[in-house]
$ cat final_8.txt   # compact mmCIF, C-alpha atoms
# COMPACT_ATOMS: atom_id res chain seq x y z
CA MET A 1 -69.59 115.55 99.71
CA LYS A 2 -67.98 114.69 103.03
CA ILE A 3 -69.94 116.08 105.98
CA LEU A 4 -69.04 116.52 109.66
CA VAL A 5 -71.84 116.86 112.24
CA LEU A 6 -70.83 118.19 115.66
CA GLY A 7 -72.78 116.88 118.65
CA SER A 8 -73.88 113.78 120.52
CA GLY A 9 -77.62 114.01 121.13
CA GLY A 10 -80.86 112.88 119.55
CA ARG A 11 -80.90 116.05 117.46
CA GLU A 12 -77.53 115.19 115.91
CA HIS A 13 -78.63 111.60 115.24
CA ALA A 14 -81.70 112.95 113.42
CA ILE A 15 -79.59 115.41 111.41
CA ALA A 16 -77.08 112.69 110.50
CA TRP A 17 -79.91 110.31 109.57
CA ALA A 18 -81.44 112.91 107.24
CA LEU A 19 -78.08 113.79 105.66
CA ALA A 20 -77.34 110.09 105.13
CA LYS A 21 -80.42 109.79 102.90
CA SER A 22 -78.91 112.15 100.34
CA PRO A 23 -77.10 110.56 97.38
CA ARG A 24 -74.67 113.51 97.66
CA THR A 25 -73.32 112.34 101.05
CA GLU A 26 -70.07 110.57 100.25
CA ALA A 27 -68.88 110.26 103.87
CA LEU A 28 -70.50 111.26 107.15
CA PHE A 29 -68.64 111.90 110.40
CA VAL A 30 -70.33 112.61 113.76
CA ALA A 31 -68.23 114.08 116.57
CA PRO A 32 -68.38 112.70 119.16
CA GLY A 33 -71.68 110.99 118.29
CA ASN A 34 -73.51 108.36 120.32
CA GLY A 35 -74.53 104.71 120.22
CA GLY A 36 -76.80 105.29 117.23
CA THR A 37 -74.78 107.60 114.99
CA ASP A 38 -71.97 105.13 114.27
CA GLY A 39 -72.88 102.99 111.27
CA ILE A 40 -75.84 104.80 109.69
CA ALA A 41 -76.19 103.48 106.14
CA LEU A 42 -75.52 106.10 103.47
CA ALA A 43 -77.61 106.28 100.31
CA ALA A 44 -74.38 106.64 98.31
CA GLY A 45 -72.87 103.56 99.96
CA GLY A 46 -70.85 103.03 103.11
CA THR A 47 -71.75 104.03 106.65
CA SER A 48 -71.32 106.94 109.01
CA GLN A 49 -68.66 106.89 111.72
CA ASN A 50 -68.18 108.52 115.09
CA VAL A 51 -65.09 110.66 115.62
CA ASP A 52 -63.45 111.30 118.99
CA LEU A 53 -63.52 115.10 118.77
CA ASP A 54 -64.65 117.73 121.27
CA PRO A 55 -67.11 120.06 119.45
CA MET A 56 -65.85 122.91 121.67
CA ASP A 57 -62.26 122.48 120.47
CA ALA A 58 -62.38 124.66 117.37
CA GLU A 59 -58.78 124.01 116.33
CA ALA A 60 -59.17 120.24 116.58
CA VAL A 61 -62.38 120.39 114.55
CA ARG A 62 -60.69 122.60 111.95
CA ALA A 63 -57.72 120.26 111.63
CA PHE A 64 -59.91 117.16 111.25
CA ALA A 65 -62.14 118.83 108.67
CA GLN A 66 -59.20 120.01 106.57
CA ASP A 67 -57.26 116.75 106.87
CA ASN A 68 -60.30 114.71 105.79
CA GLY A 69 -61.60 116.92 102.99
CA VAL A 70 -64.85 117.82 104.74
CA GLY A 71 -67.07 119.94 102.49
CA LEU A 72 -69.65 120.96 105.09
CA VAL A 73 -69.56 121.23 108.88
CA VAL A 74 -72.95 121.17 110.63
CA ILE A 75 -72.84 122.46 114.22
CA GLY A 76 -75.65 120.84 116.16
CA ALA A 77 -75.56 122.26 119.69
CA GLU A 78 -75.65 125.82 120.98
CA ALA A 79 -72.51 125.84 123.14
CA PRO A 80 -69.98 125.59 120.25
CA LEU A 81 -71.89 128.28 118.36
CA VAL A 82 -71.84 130.67 121.32
CA ALA A 83 -68.15 129.88 121.81
CA GLY A 84 -67.36 130.90 118.23
CA VAL A 85 -66.46 127.54 116.69
CA ALA A 86 -68.23 128.55 113.47
CA ASP A 87 -66.10 131.71 113.27
CA VAL A 88 -62.83 129.75 113.50
CA LEU A 89 -63.94 127.27 110.84
CA ARG A 90 -65.11 129.95 108.42
CA GLU A 91 -61.87 131.88 108.85
CA ALA A 92 -60.07 128.69 107.78
CA GLY A 93 -62.12 128.59 104.58
CA LEU A 94 -64.48 125.79 105.62
CA LYS A 95 -68.19 125.76 104.74
CA VAL A 96 -70.25 125.91 107.94
CA TYR A 97 -73.94 125.50 108.77
CA GLY A 98 -74.49 127.59 111.91
CA PRO A 99 -74.33 131.27 112.94
CA ASN A 100 -71.31 133.15 114.20
CA ALA A 101 -70.66 133.92 117.87
CA THR A 102 -72.23 137.37 117.80
CA GLU A 103 -75.44 136.08 116.22
CA ALA A 104 -75.45 133.11 118.61
CA GLN A 105 -75.98 135.54 121.50
CA LEU A 106 -79.66 135.33 120.58
CA GLU A 107 -79.52 132.10 122.57
CA GLY A 108 -76.37 132.69 124.60
CA SER A 109 -77.89 135.63 126.47
CA LYS A 110 -81.59 135.96 127.24
CA ASP A 111 -81.11 139.64 128.02
CA HIS A 112 -79.49 140.15 124.59
CA ALA A 113 -82.39 138.31 122.95
CA LYS A 114 -85.00 140.43 124.73
CA ARG A 115 -83.25 143.63 123.67
CA PHE A 116 -83.08 142.30 120.09
CA MET A 117 -86.83 141.69 120.18
CA ASP A 118 -87.49 145.17 121.51
CA ASP A 119 -85.28 146.75 118.87
CA ASN A 120 -87.05 144.88 116.05
CA ALA A 121 -90.66 145.18 117.29
CA ILE A 122 -90.95 141.42 117.83
CA PRO A 123 -93.79 140.63 120.27
CA THR A 124 -92.61 139.06 123.53
CA ALA A 125 -93.25 139.12 127.27
CA ALA A 126 -92.50 142.23 129.35
CA TYR A 127 -89.26 141.79 131.27
CA ALA A 128 -86.53 143.25 133.46
CA THR A 129 -82.88 142.19 133.85
CA PHE A 130 -80.89 142.09 137.10
CA THR A 131 -77.33 141.50 138.26
CA ASP A 132 -78.19 141.99 141.95
CA ALA A 133 -80.21 139.50 143.99
CA ASP A 134 -81.83 142.05 146.30
CA ALA A 135 -83.03 144.17 143.38
CA ALA A 136 -84.38 141.09 141.63
CA LEU A 137 -86.23 139.93 144.74
CA ALA A 138 -87.75 143.38 145.22
CA TYR A 139 -88.98 143.35 141.61
CA VAL A 140 -90.51 139.88 142.01
CA ARG A 141 -92.35 140.97 145.15
CA GLU A 142 -93.64 144.05 143.37
CA GLN A 143 -94.86 142.06 140.34
CA GLY A 144 -96.22 139.02 142.19
CA ALA A 145 -96.78 135.52 140.84
CA PRO A 146 -97.08 133.77 138.49
CA ILE A 147 -93.82 135.02 137.04
CA VAL A 148 -90.92 133.56 135.03
CA ILE A 149 -87.31 133.51 136.28
CA LYS A 150 -84.55 132.86 133.72
CA ALA A 151 -80.80 132.49 134.09
CA ASP A 152 -79.35 134.74 131.41
CA GLY A 153 -76.81 132.32 129.94
CA LEU A 154 -76.79 128.75 128.65
CA ALA A 155 -78.09 126.26 131.22
CA ALA A 156 -78.85 123.17 129.09
CA GLY A 157 -82.55 123.97 129.01
CA LYS A 158 -82.83 123.93 132.80
CA GLY A 159 -82.33 127.60 133.72
CA VAL A 160 -86.00 128.60 133.48
CA VAL A 161 -88.54 128.47 136.31
CA VAL A 162 -92.22 129.24 135.78
CA ALA A 163 -93.01 130.22 139.36
CA GLU A 164 -96.67 129.89 140.30
CA THR A 165 -96.10 131.27 143.80
CA LEU A 166 -94.06 134.14 145.20
CA ALA A 167 -92.07 131.73 147.35
CA ASP A 168 -91.11 129.66 144.28
CA ALA A 169 -90.07 132.84 142.45
CA GLU A 170 -87.88 133.98 145.33
CA ASP A 171 -86.27 130.54 145.55
CA ALA A 172 -85.55 130.60 141.81
CA VAL A 173 -83.92 134.03 142.02
CA ARG A 174 -81.76 132.94 144.94
CA ALA A 175 -80.77 129.72 143.16
CA CYS A 176 -79.50 131.70 140.17
CA PHE A 177 -77.44 134.15 142.20
CA ASP A 178 -76.21 131.38 144.52
CA GLY A 179 -74.58 129.61 141.57
CA ALA A 180 -77.04 126.83 140.69
CA PHE A 181 -76.36 127.51 136.99
CA GLY A 182 -72.79 128.75 137.28
CA GLU A 183 -71.93 131.84 135.27
CA ALA A 184 -75.22 131.48 133.37
CA GLY A 185 -77.05 132.73 136.46
CA ALA A 186 -74.88 135.76 137.19
CA LYS A 187 -77.49 137.81 135.35
CA VAL A 188 -81.21 137.07 135.69
CA VAL A 189 -84.08 137.93 133.37
CA ILE A 190 -87.52 138.15 134.99
CA GLU A 191 -90.55 138.03 132.68
CA GLU A 192 -94.29 138.29 132.85
CA CYS A 193 -95.94 134.86 132.69
CA MET A 194 -97.65 134.52 129.33
CA ARG A 195 -100.50 132.03 129.01
CA GLY A 196 -101.49 129.80 126.12
CA PRO A 197 -100.24 126.80 124.15
CA GLU A 198 -96.58 126.79 123.13
CA CYS A 199 -95.46 126.03 119.60
CA SER A 200 -92.05 125.87 117.93
CA MET A 201 -91.19 127.10 114.46
CA LEU A 202 -87.73 126.33 113.14
CA SER A 203 -86.50 128.21 110.08
CA PHE A 204 -83.62 127.87 107.69
CA VAL A 205 -82.18 131.40 107.66
CA THR A 206 -79.77 132.87 105.13
CA GLY A 207 -79.35 136.17 103.32
CA GLY A 208 -81.84 137.86 105.60
CA LYS A 209 -84.59 135.44 104.55
CA SER A 210 -86.52 132.95 106.66
CA PHE A 211 -87.62 129.59 105.25
CA PRO A 212 -89.90 128.09 107.90
CA MET A 213 -90.00 124.38 108.58
CA ALA A 214 -93.07 122.45 109.68
CA PRO A 215 -94.24 123.58 113.15
CA SER A 216 -93.98 121.31 116.18
CA GLN A 217 -95.06 121.25 119.81
CA ASP A 218 -92.75 120.11 122.62
CA HIS A 219 -93.58 118.90 126.14
CA LYS A 220 -91.06 120.47 128.53
CA ARG A 221 -92.21 119.24 131.93
CA ALA A 222 -90.85 115.95 133.25
CA TYR A 223 -94.11 114.27 134.23
CA ASP A 224 -97.63 113.63 132.94
CA GLY A 225 -100.07 116.50 133.14
CA ASP A 226 -97.29 119.05 132.57
CA MET A 227 -96.06 118.54 136.11
CA GLY A 228 -92.56 118.53 137.55
CA PRO A 229 -89.41 120.41 136.58
CA ASN A 230 -88.58 121.69 133.11
CA THR A 231 -86.45 119.39 130.98
CA GLY A 232 -84.83 119.56 127.58
CA GLY A 233 -88.05 118.04 126.22
CA MET A 234 -89.95 114.81 126.90
CA GLY A 235 -91.89 114.48 123.66
CA VAL A 236 -93.00 116.37 120.59
CA TYR A 237 -95.23 116.11 117.53
CA SER A 238 -95.63 117.75 114.11
CA PRO A 239 -97.67 119.35 112.61
CA VAL A 240 -99.63 121.23 115.31
CA PRO A 241 -103.40 120.94 114.77
CA ILE A 242 -104.43 123.72 117.16
CA VAL A 243 -102.55 126.44 115.25
CA THR A 244 -104.89 128.57 113.13
CA GLU A 245 -104.04 129.86 109.66
CA ASP A 246 -103.81 133.40 111.05
CA GLU A 247 -101.43 132.27 113.82
CA MET A 248 -99.28 130.39 111.31
CA ALA A 249 -99.04 133.44 109.08
CA ARG A 250 -98.13 135.65 112.04
CA MET A 251 -95.42 133.26 113.25
CA GLU A 252 -93.92 133.12 109.76
CA ALA A 253 -93.95 136.93 109.62
CA ILE A 254 -92.21 137.19 113.01
CA MET A 255 -89.51 134.76 111.90
CA GLN A 256 -88.98 136.87 108.78
CA GLN A 257 -88.68 140.01 110.96
CA ALA A 258 -85.95 138.31 112.94
CA ALA A 259 -84.13 137.00 109.86
CA ALA A 260 -84.12 140.41 108.22
CA ALA A 261 -82.38 141.83 111.31
CA VAL A 262 -79.46 139.35 111.00
CA PRO A 263 -78.60 139.41 107.27
CA GLU A 264 -75.34 137.46 107.67
CA TYR A 265 -76.96 134.63 109.65
CA ARG A 266 -76.50 131.17 108.07
CA GLY A 267 -78.13 128.33 109.93
CA THR A 268 -81.27 127.40 111.84
CA LEU A 269 -83.20 129.96 113.85
CA TYR A 270 -85.67 128.47 116.32
CA GLY A 271 -88.65 130.53 117.41
CA GLY A 272 -90.32 129.34 120.60
CA PHE A 273 -93.83 130.82 120.52
CA MET A 274 -96.63 131.27 123.03
CA LEU A 275 -100.05 131.41 121.37
CA THR A 276 -101.51 134.10 123.62
CA PRO A 277 -105.00 135.65 123.36
CA ALA A 278 -103.25 138.70 121.85
CA GLY A 279 -101.58 136.56 119.18
CA PRO A 280 -98.29 134.62 118.92
CA LYS A 281 -95.41 135.99 120.99
CA ILE A 282 -91.80 134.85 121.20
CA VAL A 283 -90.81 133.06 124.41
CA GLU A 284 -87.22 132.54 123.26
CA PHE A 285 -84.96 132.26 120.25
CA ASN A 286 -82.52 129.39 119.81
CA VAL A 287 -79.77 129.42 117.21
CA ARG A 288 -79.83 125.74 116.22
CA PHE A 289 -82.22 122.89 115.59
CA GLY A 290 -84.43 122.08 118.58
CA ASP A 291 -84.12 118.89 120.55
CA PRO A 292 -86.45 116.94 120.34
CA GLU A 293 -88.25 119.07 117.68
CA THR A 294 -85.71 118.05 115.02
CA GLN A 295 -86.66 114.42 115.52
CA VAL A 296 -90.18 115.01 114.16
CA VAL A 297 -89.46 117.84 111.72
CA LEU A 298 -86.67 116.30 109.63
CA PRO A 299 -88.48 112.96 109.09
CA ARG A 300 -91.25 115.02 107.44
CA LEU A 301 -88.80 116.83 105.12
CA ALA A 302 -89.15 115.36 101.63
CA SER A 303 -86.36 117.48 100.14
CA ASP A 304 -82.63 116.72 100.15
CA LEU A 305 -81.23 118.17 103.39
CA VAL A 306 -77.72 118.41 101.93
CA ASP A 307 -78.99 120.72 99.16
CA VAL A 308 -80.82 122.91 101.67
CA MET A 309 -77.97 123.14 104.18
CA GLU A 310 -75.37 123.86 101.52
CA ALA A 311 -77.48 126.67 100.05
CA VAL A 312 -77.94 128.14 103.53
CA ALA A 313 -74.22 127.87 104.32
CA ASP A 314 -73.36 129.54 100.99
CA GLY A 315 -75.83 132.38 101.51
CA ARG A 316 -77.79 131.34 98.40
CA ALA A 317 -81.31 132.18 99.58
CA GLU A 318 -82.63 131.88 96.03
CA ASP A 319 -81.75 128.15 96.02
CA VAL A 320 -83.49 127.18 99.27
CA SER A 321 -86.63 125.15 98.58
CA MET A 322 -88.44 122.49 100.59
CA GLU A 323 -91.23 119.97 100.27
CA TRP A 324 -92.93 118.33 103.26
CA SER A 325 -94.65 115.02 103.87
CA ASP A 326 -98.32 115.14 104.88
CA GLU A 327 -97.75 112.41 107.46
CA TRP A 328 -97.90 113.08 111.20
CA ALA A 329 -94.85 112.48 113.37
CA VAL A 330 -94.89 111.85 117.13
CA CYS A 331 -91.78 111.48 119.30
CA VAL A 332 -91.71 110.09 122.85
CA VAL A 333 -88.51 110.49 124.87
CA LEU A 334 -87.29 107.59 126.97
CA ALA A 335 -85.28 109.03 129.86
CA SER A 336 -83.21 107.74 132.76
CA GLU A 337 -84.92 107.52 136.14
CA GLY A 338 -84.22 110.75 138.03
CA TYR A 339 -83.87 112.98 134.95
CA PRO A 340 -83.59 116.01 134.89
CA GLY A 341 -81.87 115.49 138.25
CA VAL A 342 -79.36 112.81 139.23
CA TYR A 343 -79.52 109.52 137.31
CA GLU A 344 -77.52 106.33 136.82
CA LYS A 345 -75.61 105.48 133.65
CA GLY A 346 -74.50 102.18 132.12
CA ARG A 347 -77.84 100.36 132.22
CA VAL A 348 -78.26 97.85 129.38
CA ILE A 349 -80.88 98.75 126.75
CA LEU A 350 -82.87 96.00 125.01
CA GLY A 351 -85.48 96.01 122.25
CA VAL A 352 -84.38 98.90 120.01
CA GLU A 353 -84.00 96.70 116.94
CA ASP A 354 -87.41 95.12 117.63
CA ALA A 355 -88.99 98.57 117.88
CA GLU A 356 -87.49 99.65 114.56
CA THR A 357 -89.11 96.70 112.75
CA MET A 358 -92.54 98.17 113.58
CA PRO A 359 -94.31 100.18 110.86
CA GLY A 360 -93.30 103.83 110.69
CA ILE A 361 -90.83 103.69 113.60
CA THR A 362 -87.41 105.32 113.79
CA VAL A 363 -85.40 105.39 117.02
CA PHE A 364 -82.97 108.26 117.43
CA HIS A 365 -80.31 107.79 120.09
CA ALA A 366 -79.53 110.58 122.56
CA GLY A 367 -77.78 109.44 125.74
CA THR A 368 -76.48 106.04 124.63
CA ALA A 369 -73.10 104.35 124.29
CA ARG A 370 -71.53 100.89 123.88
CA ASN A 371 -69.90 99.18 126.86
CA GLU A 372 -66.81 96.95 126.68
CA GLU A 373 -69.01 93.98 125.81
CA GLY A 374 -70.56 95.88 122.90
CA GLU A 375 -73.92 96.22 124.61
CA LEU A 376 -76.01 99.35 124.12
CA VAL A 377 -76.22 101.18 127.47
CA THR A 378 -77.63 104.40 128.90
CA ALA A 379 -75.20 107.33 128.94
CA GLY A 380 -77.36 110.36 129.60
CA GLY A 381 -80.60 111.76 130.97
CA ARG A 382 -82.58 111.60 127.76
CA VAL A 383 -81.70 108.19 126.36
CA LEU A 384 -83.77 107.50 123.23
CA ASN A 385 -86.24 109.34 121.01
CA VAL A 386 -88.91 106.99 119.69
CA VAL A 387 -90.44 108.53 116.56
CA ALA A 388 -93.53 107.26 114.74
CA GLN A 389 -94.95 108.44 111.42
CA ALA A 390 -98.46 107.70 110.20
CA PRO A 391 -101.27 109.21 108.09
CA THR A 392 -103.16 110.36 111.21
CA PHE A 393 -102.15 111.90 114.52
CA GLU A 394 -103.82 109.23 116.61
CA GLU A 395 -102.22 106.39 114.64
CA ALA A 396 -98.77 107.97 114.93
CA ARG A 397 -99.23 108.43 118.67
CA ASN A 398 -100.36 104.84 119.16
CA ARG A 399 -97.43 103.52 117.12
CA ALA A 400 -94.96 105.55 119.17
CA TYR A 401 -96.16 104.14 122.48
CA GLU A 402 -96.28 100.59 121.12
CA ALA A 403 -92.62 100.95 120.14
CA CYS A 404 -91.77 102.47 123.55
CA ASN A 405 -93.20 99.37 125.20
CA ALA A 406 -90.83 97.18 123.15
CA ILE A 407 -87.74 98.95 124.53
CA GLN A 408 -86.56 98.13 128.04
CA PHE A 409 -83.88 99.33 130.43
CA GLU A 410 -83.78 99.62 134.20
CA GLY A 411 -85.33 102.89 135.38
CA LYS A 412 -86.97 103.75 132.03
CA GLN A 413 -88.90 107.00 132.48
CA LEU A 414 -91.39 108.50 130.01
CA ARG A 415 -94.49 110.61 129.77
CA ARG A 416 -97.64 108.76 128.74
CA ASP A 417 -99.59 111.86 127.69
CA ILE A 418 -97.59 113.19 124.74
CA GLY A 419 -100.06 114.77 122.30
CA LEU A 420 -103.19 114.20 124.38
CA LYS A 421 -103.98 117.91 124.62
CA ALA A 422 -103.75 118.29 120.85
CA LEU A 423 -106.22 115.43 120.39
CA ILE A 424 -108.64 117.15 122.77
CA GLY A 425 -108.26 120.56 121.11
CA ARG A 426 -107.60 124.17 122.02
CA SER A 427 -109.92 124.10 125.07
CA SER A 428 -107.49 121.76 126.87
CA TRP A 429 -105.12 124.73 127.41
CA GLU A 430 -107.76 126.94 129.01
$ encode --input "final_8.txt" --output "structure tokens"
Amino acid sequence: MKILVLGSGGREHAIAWALAKSPRTEALFVAPGNGGTDGIALAAGGTSQNVDLDPMDAEAVRAFAQDNGVGLVVIGAEAPLVAGVADVLREAGLKVYGPNATEAQLEGSKDHAKRFMDDNAIPTAAYATFTDADAALAYVREQGAPIVIKADGLAAGKGVVVAETLADAEDAVRACFDGAFGEAGAKVVIEECMRGPECSMLSFVTGGKSFPMAPSQDHKRAYDGDMGPNTGGMGVYSPVPIVTEDEMARMEAIMQQAAAAVPEYRGTLYGGFMLTPAGPKIVEFNVRFGDPETQVVLPRLASDLVDVMEAVADGRAEDVSMEWSDEWAVCVVLASEGYPGVYEKGRVILGVEDAETMPGITVFHAGTARNEEGELVTAGGRVLNVVAQAPTFEEARNRAYEACNAIQFEGKQLRRDIGLKALIGRSSWE
């Protein structure tokens, strides 16, 4: 089968890497891809190749897929899904992994998602939605801090502020309505601040059924000690040792509640959970694989990803089955200095090949490219995802940081505490 993956981040590299392991993958295209997705060796022979296509240009994607005999299109990022790229491709008779535009509003609009949760008795934080700054500010002052301010639309993972003080909350509200997140901030969702560890559960969803993947735990803040601004994710690990059997069962049940409410959904549904004293509650839904969660979840998948994705895309819930490795996986993100704010691009990266010779190490590229001299250079905020697998959590974590030390580029930024709380235990969140 010929497969086209749309996207350019670490998530798409991980998806392409997993698809390349299948003997069914005859050809693999990644559009537009990055410095790591071009040339992945395929189990069936040959290598992957990057394609100069804009994932948001549905007609261009359709034409390429039809002209090249693509049997499955995998849409990696949320923006094309919200824009309806999957709809255009399906109407043209192509097989697509990813929900339609209406279903993608679960991520495209936080207000829509909250109303969906209310309608389907899915536990979540209390909230209110505003289109007027003065009304939003009055509500914040009435509720007090801590409180959570969210731009309603897509903001690349940066439209959420957990405000610990009233002043921070007011500033966040003003930033949204003053255009800091463009149209995404024209509507603002204000939520109660839930407390507890966060945990992600991704599910393959098709035919109204949820097939949960291994859980993972991301680190959103930019700096050690969970300090600094929110990012797209600075590190992650799987499985999650602090999750109890009861919490796992409840999360799986919540994901099934959601799947049953969207019977035509065909793709990944991501449940972001808060493990509160009252039980797991949904923080947010995403309509695609998480980034960087994918980078630790898919390496633990022992089943053929092509088989799973094709069954999901076809709506064949009865044919979805998965096996998982018992190994631990830890991912540390290497970012550009200044991320998630302003950062430089074009800095030469050294040591990736050396890192990948270390036991259990895979390096997924995110913001990388090749310059005119063929050198690997930085091309984004999150640059590389260094993933380590090992029989124990501590060994995987140590391997990941050893590999991080082997990779060098000017302004390399990383957190040194990924997974420390999990090693300490549940009390570290109290």
$ closest_residue --input "final_8.txt" --among "A:Leu423, A:Ala335, A:Ala126, A:Cys404" --to "Ile242 in chain A" --atoms "all atoms listed in the file"
A:Leu423
$ closest_residue --input "final_8.txt" --among "A:Glu198, A:Glu264, A:Asp168, A:Glu284" --to "Ala113 in chain A" --atoms "only C-alpha atoms"
A:Glu284
$ closest_residue --input "final_8.txt" --among "A:Ala92, A:Ile147, A:Val205, A:Ala138" --to "Glu318 in chain A" --atoms "only C-alpha atoms"
A:Val205
$ atom_distance --input "final_8.txt" --atom1 "CA of Ser203 in chain A" --atom2 "CA of Thr268 in chain A"
5.6 Å
$ atom_distance --input "final_8.txt" --atom1 "CA of Met1 in chain A" --atom2 "CA of Leu72 in chain A"
7.6 Å
$ atom_distance --input "final_8.txt" --atom1 "CA of Val30 in chain A" --atom2 "CA of Val74 in chain A"
9.5 Å
$ residues_around --input "final_8.txt" --residues "Leu301 in chain A" --least-positions-apart "5" --cutoff "12 Å" --atoms "all atoms listed in the file" --output "list of chain:residue names"
A:Ala14, A:Ile15, A:Trp17, A:Ala18, A:Leu19, A:Lys21, A:Ser22, A:Pro212, A:Met213, A:Ala214, A:Pro215, A:Ser238, A:Pro239, A:Thr294, A:Gln295, A:Val296, A:Val306, A:Val308, A:Ser321, A:Met322, A:Glu323, A:Trp324, A:Ser325, A:Asp326, A:Glu327, A:Trp328, A:Ala329
$ residues_around --input "final_8.txt" --residues "Ile40 in chain A" --least-positions-apart "5" --cutoff "9 Å" --atoms "only C-alpha atoms" --output "list of chain:residue names"
A:Ala16, A:Trp17, A:Ala20, A:Leu28, A:Gly46, A:Thr47, A:Ser48, A:Gln49
$ residues_near_point --input "final_8.txt" --point "(-70.6, 105.5, 132.4)" --cutoff "10 Å" --atoms "all atoms listed in the file" --output "VMD selection string"
chain A and resid 344 to 347 368 to 371 377 to 380
$ closest_residue --input "final_8.txt" --among "A:Tyr237, A:Ala27, A:Val332, A:Gln408" --to "Thr392 in chain A" --atoms "all atoms listed in the file"
A:Tyr237
$ residues_around --input "final_8.txt" --residues "Gly7 in chain A" --least-positions-apart "5" --cutoff "7 Å" --atoms "all atoms listed in the file" --output "JSON, numbers by chain"
{"A": [12, 30, 31, 32, 33, 55, 76, 77]}
$ residues_around --input "final_8.txt" --residues "range 192-196 of chain A" --least-positions-apart "4" --cutoff "7 Å" --atoms "all atoms listed in the file" --output "PyMOL selection string"
chain A and resi 125-127+146-148+274-276+429
$ write_last_selection --input "final_8.txt" --atoms "C-alpha atoms" --output "PDB file, in the frame of the given file"
ATOM      1  CA  ALA A 125     -93.250 139.120 127.270  1.00  0.00           C
ATOM      2  CA  ALA A 126     -92.500 142.230 129.350  1.00  0.00           C
ATOM      3  CA  TYR A 127     -89.260 141.790 131.270  1.00  0.00           C
ATOM      4  CA  PRO A 146     -97.080 133.770 138.490  1.00  0.00           C
ATOM      5  CA  ILE A 147     -93.820 135.020 137.040  1.00  0.00           C
ATOM      6  CA  VAL A 148     -90.920 133.560 135.030  1.00  0.00           C
ATOM      7  CA  MET A 274     -96.630 131.270 123.030  1.00  0.00           C
ATOM      8  CA  LEU A 275    -100.050 131.410 121.370  1.00  0.00           C
ATOM      9  CA  THR A 276    -101.510 134.100 123.620  1.00  0.00           C
ATOM     10  CA  TRP A 429    -105.120 124.730 127.410  1.00  0.00           C
TER      11      TRP A 429
END
$ closest_residue --input "final_8.txt" --among "A:Asn385, A:Asn120, A:Asn286, A:Gln413" --to "Leu106 in chain A" --atoms "all atoms listed in the file"
A:Asn286
$ decode --input "final_8.txt" --residues "range 267-280 of chain A" --atoms "N, CA and C atoms" --output "compact mmCIF listing (two decimals), in the first residue's frame"
# COMPACT_ATOMS: atom_id res chain seq x y z
N GLY A 267 -10.61 7.87 13.32
CA GLY A 267 -9.28 8.43 13.55
C GLY A 267 -8.88 8.28 15.00
N THR A 268 -7.99 9.16 15.44
CA THR A 268 -7.53 9.16 16.82
C THR A 268 -8.32 10.20 17.62
N LEU A 269 -8.78 9.81 18.78
CA LEU A 269 -9.36 10.75 19.74
C LEU A 269 -8.46 10.76 20.96
N TYR A 270 -8.04 11.96 21.33
CA TYR A 270 -7.09 12.16 22.43
C TYR A 270 -7.85 12.72 23.62
N GLY A 271 -7.82 12.00 24.73
CA GLY A 271 -8.41 12.49 25.96
C GLY A 271 -7.33 12.98 26.90
N GLY A 272 -7.35 14.30 27.18
CA GLY A 272 -6.44 14.86 28.17
C GLY A 272 -7.14 14.85 29.52
N PHE A 273 -6.64 14.07 30.47
CA PHE A 273 -7.31 13.87 31.75
C PHE A 273 -6.59 14.58 32.89
N MET A 274 -7.36 15.00 33.87
CA MET A 274 -6.86 15.42 35.17
C MET A 274 -7.32 14.38 36.18
N LEU A 275 -6.37 13.83 36.94
CA LEU A 275 -6.71 12.82 37.94
C LEU A 275 -7.03 13.52 39.25
N THR A 276 -8.27 13.99 39.36
CA THR A 276 -8.70 14.79 40.50
C THR A 276 -9.08 13.88 41.67
N PRO A 277 -9.22 14.44 42.88
CA PRO A 277 -9.67 13.64 44.02
C PRO A 277 -11.05 13.02 43.78
N ALA A 278 -11.85 13.62 42.89
CA ALA A 278 -13.18 13.09 42.59
C ALA A 278 -13.14 12.09 41.43
N GLY A 279 -11.96 11.77 40.94
CA GLY A 279 -11.83 10.84 39.82
C GLY A 279 -11.34 11.55 38.57
N PRO A 280 -11.02 10.79 37.51
CA PRO A 280 -10.53 11.39 36.27
C PRO A 280 -11.58 12.29 35.62
